[in-house]
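Take a look at the structure set out below.
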Amino acid sequence: MLWVAVRSALLVAMWLSYYSALPLMPLSLAAAAYYTSPILIIVLTACLSHRWPSSRTLFAIILGFTGVVLILRPDTSGFEFATMLPVLAAFLYACAMVLTARKCRNDDPFVLALALNIAFIAAGALLALFSGQQGSFVLGTWQSVGPEMIAIMSALALVILVGSVGAAIAYQQGPPAMIAAFDYSYLLFSLVWGVLFFGEWPAALAVLGIAMIAAAGLMSLLHPPPADRRKETSP
């Protein structure tokens, strides 16, 4: 149960980091920075297996992080280190998924999902003790909850339950890097949702960065050569 608890703690910290970034930057850019996680999974897997990635994988890593630089633009005057939160979320997610594959492979997916949601409740109760700070996303003031908000929260709870169970099953059944490739559909959805719901049109450089991150992830994850495949499936 220790590794299940560590996995849950990593995922709770991941979601807190990601959601804290959303008020600071457009949804599509936060999503793109967060979706360096498959590339980070490649890096972590290579480090744990003590095997050097192929030249194609190394190029994908460089390409992906160049895309992050184009999105976050750390050389601009408006840059804030808080905008690195989605990258932190990506790292935490990568750690959690590699841990799932290596230490929680034989655990029941529903137990993993239950443990995660218990961790969410515990973290929420802990953060509530320090709430009431104006202007803080995580520690903000309490808000009234009506029937409409309860319905939305119930729907979101159902969605995250399905997602967490599905992710646990997927990462138990296949190589983490291979499964992570299918996560990239989120980039397209976040771009569309950002435009439709929030009127967030990313700049040309940001779109280029998103495309570079997506290309890097697909390059390193789809149809790897035999050498890479052995690395991904090694214990």
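We name chains A, B, ... following the order of the structure tokens; residues begin at 1 in each chain, and ligands are numbered from 1 as shown.
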
Practice problem: Determine, counting only C-alpha atoms, which protein, DNA and RNA residues have an atom within 12 Å of an atom of Ser164 of chain A; residues of the same chain fewer than 4 positions away are not included. Present the result as a ChimeraX atom specification. | Solution: /A:7-8,11-12,96-97,100,109-117,156-160,168-171

Exercise. Find the spatial neighbours of Val138 of chain A, counting only C-alpha atoms, within a cut-off of 10 Å - ignore same-chain residues fewer than 3 positions away - and output them as a ChimeraX atom specification.
Key: /A:16-17,19-20,124,127-128,130-133,135,141

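Note that the spacing between atom CA of Ile61 of chain A and atom CA of Leu24 of chain A amounts to 25.4 Å.
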
Practice problem: Please indicate the distance in Å from atom CA of Leu58 of chain A to atom CA of Leu208 of chain A, rounded to one decimal place. | Solution: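 So the two atoms, atom CA of Leu58 of chain A and atom CA of Leu208 of chain A, lie 19.6 Å apart.
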
Practice problem: Might you pull out every residue within 10 Å of segment 194-204 of chain A, with only C-alpha atoms counted and same-chain residues fewer than 2 positions away left off, and present them as a list in words? | Solution: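 Listed by chain and then number, they are Met25, Pro26, Leu27, Ser28, Leu29, Leu70, Ile71, Leu188, Phe189, Ser190, Leu191, Val192, Ala206, Val207, Leu208, Gly209 and Ile210 of chain A.
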
Exercise. Name the residues of segment 76-183 of chain A that come out as helix (DSSP H, G or I) in a backbone DSSP run; write them as number ranges by chain.
Key: A: 81-103, 109-128, 147-173, 176-183

Deliver the residues from the most recent selection as a file, using C-alpha atoms, as an mmCIF file, in the first residue's frame.
```
data_model
loop_
_atom_site.group_PDB
_atom_site.id
_atom_site.type_symbol
_atom_site.label_atom_id
_atom_site.label_comp_id
_atom_site.auth_asym_id
_atom_site.auth_seq_id
_atom_site.Cartn_x
_atom_site.Cartn_y
_atom_site.Cartn_z
ATOM 1 C CA PHE A 81 8.130 31.280 -12.679
ATOM 2 C CA ALA A 82 4.596 30.312 -11.696
ATOM 3 C CA THR A 83 3.950 29.540 -15.365
ATOM 4 C CA MET A 84 6.345 26.607 -14.912
ATOM 5 C CA LEU A 85 3.616 24.905 -12.867
ATOM 6 C CA PRO A 86 2.296 22.817 -15.804
ATOM 7 C CA VAL A 87 5.839 21.545 -16.412
ATOM 8 C CA LEU A 88 6.023 20.576 -12.736
ATOM 9 C CA ALA A 89 2.665 18.858 -13.162
ATOM 10 C CA ALA A 90 4.066 16.967 -16.154
ATOM 11 C CA PHE A 91 7.009 15.741 -14.107
ATOM 12 C CA LEU A 92 4.768 14.597 -11.238
ATOM 13 C CA TYR A 93 2.457 12.795 -13.669
ATOM 14 C CA ALA A 94 5.408 11.057 -15.334
ATOM 15 C CA CYS A 95 6.660 9.896 -11.934
ATOM 16 C CA ALA A 96 3.214 8.571 -11.025
ATOM 17 C CA MET A 97 2.749 6.645 -14.276
ATOM 18 C CA VAL A 98 6.217 5.086 -14.214
ATOM 19 C CA LEU A 99 5.560 4.131 -10.581
ATOM 20 C CA THR A 100 2.244 2.566 -11.666
ATOM 21 C CA ALA A 101 4.007 0.440 -14.248
ATOM 22 C CA ARG A 102 6.884 -0.637 -11.993
ATOM 23 C CA LYS A 103 5.358 -0.928 -8.507
ATOM 24 C CA PRO A 109 -7.334 -0.509 -10.754
ATOM 25 C CA PHE A 110 -10.396 0.252 -8.651
ATOM 26 C CA VAL A 111 -8.237 0.182 -5.513
ATOM 27 C CA LEU A 112 -5.878 2.654 -7.186
ATOM 28 C CA ALA A 113 -8.820 4.889 -8.107
ATOM 29 C CA LEU A 114 -10.283 4.671 -4.598
ATOM 30 C CA ALA A 115 -6.924 5.503 -3.027
ATOM 31 C CA LEU A 116 -6.542 8.495 -5.346
ATOM 32 C CA ASN A 117 -9.956 9.895 -4.455
ATOM 33 C CA ILE A 118 -9.328 9.369 -0.736
ATOM 34 C CA ALA A 119 -6.097 11.325 -1.213
ATOM 35 C CA PHE A 120 -8.060 14.105 -2.920
ATOM 36 C CA ILE A 121 -10.455 14.300 0.032
ATOM 37 C CA ALA A 122 -7.615 14.315 2.566
ATOM 38 C CA ALA A 123 -5.725 17.008 0.636
ATOM 39 C CA GLY A 124 -8.886 19.089 0.318
ATOM 40 C CA ALA A 125 -9.565 18.871 4.042
ATOM 41 C CA LEU A 126 -5.974 19.866 4.804
ATOM 42 C CA LEU A 127 -6.026 22.828 2.412
ATOM 43 C CA ALA A 128 -9.374 23.944 3.845
ATOM 44 C CA PRO A 147 -27.778 22.830 -6.970
ATOM 45 C CA GLU A 148 -26.171 23.751 -10.294
ATOM 46 C CA MET A 149 -22.664 23.615 -8.836
ATOM 47 C CA ILE A 150 -23.428 20.306 -7.107
ATOM 48 C CA ALA A 151 -24.571 18.860 -10.443
ATOM 49 C CA ILE A 152 -21.390 20.060 -12.167
ATOM 50 C CA MET A 153 -19.196 18.662 -9.406
ATOM 51 C CA SER A 154 -21.015 15.311 -9.556
ATOM 52 C CA ALA A 155 -20.499 15.119 -13.311
ATOM 53 C CA LEU A 156 -16.804 15.984 -12.933
ATOM 54 C CA ALA A 157 -16.419 13.371 -10.195
ATOM 55 C CA LEU A 158 -17.863 10.715 -12.514
ATOM 56 C CA VAL A 159 -15.582 11.787 -15.356
ATOM 57 C CA ILE A 160 -12.420 11.713 -13.224
ATOM 58 C CA LEU A 161 -13.410 8.318 -11.810
ATOM 59 C CA VAL A 162 -13.703 6.864 -15.306
ATOM 60 C CA GLY A 163 -10.468 8.557 -16.349
ATOM 61 C CA SER A 164 -8.455 7.421 -13.332
ATOM 62 C CA VAL A 165 -9.625 3.804 -13.624
ATOM 63 C CA GLY A 166 -8.980 3.789 -17.366
ATOM 64 C CA ALA A 167 -5.500 5.283 -16.968
ATOM 65 C CA ALA A 168 -4.586 2.761 -14.282
ATOM 66 C CA ILE A 169 -5.709 -0.169 -16.459
ATOM 67 C CA ALA A 170 -3.870 1.188 -19.502
ATOM 68 C CA TYR A 171 -0.570 1.721 -17.713
ATOM 69 C CA GLN A 172 -0.820 -1.696 -16.078
ATOM 70 C CA GLN A 173 -1.331 -3.459 -19.397
ATOM 71 C CA PRO A 176 4.089 3.597 -20.152
ATOM 72 C CA ALA A 177 5.598 5.433 -23.112
ATOM 73 C CA MET A 178 3.348 3.665 -25.630
ATOM 74 C CA ILE A 179 0.154 4.346 -23.665
ATOM 75 C CA ALA A 180 1.136 7.984 -23.131
ATOM 76 C CA ALA A 181 1.049 8.595 -26.900
ATOM 77 C CA PHE A 182 -2.741 8.445 -26.864
ATOM 78 C CA ASP A 183 -2.879 11.287 -24.332
#
```
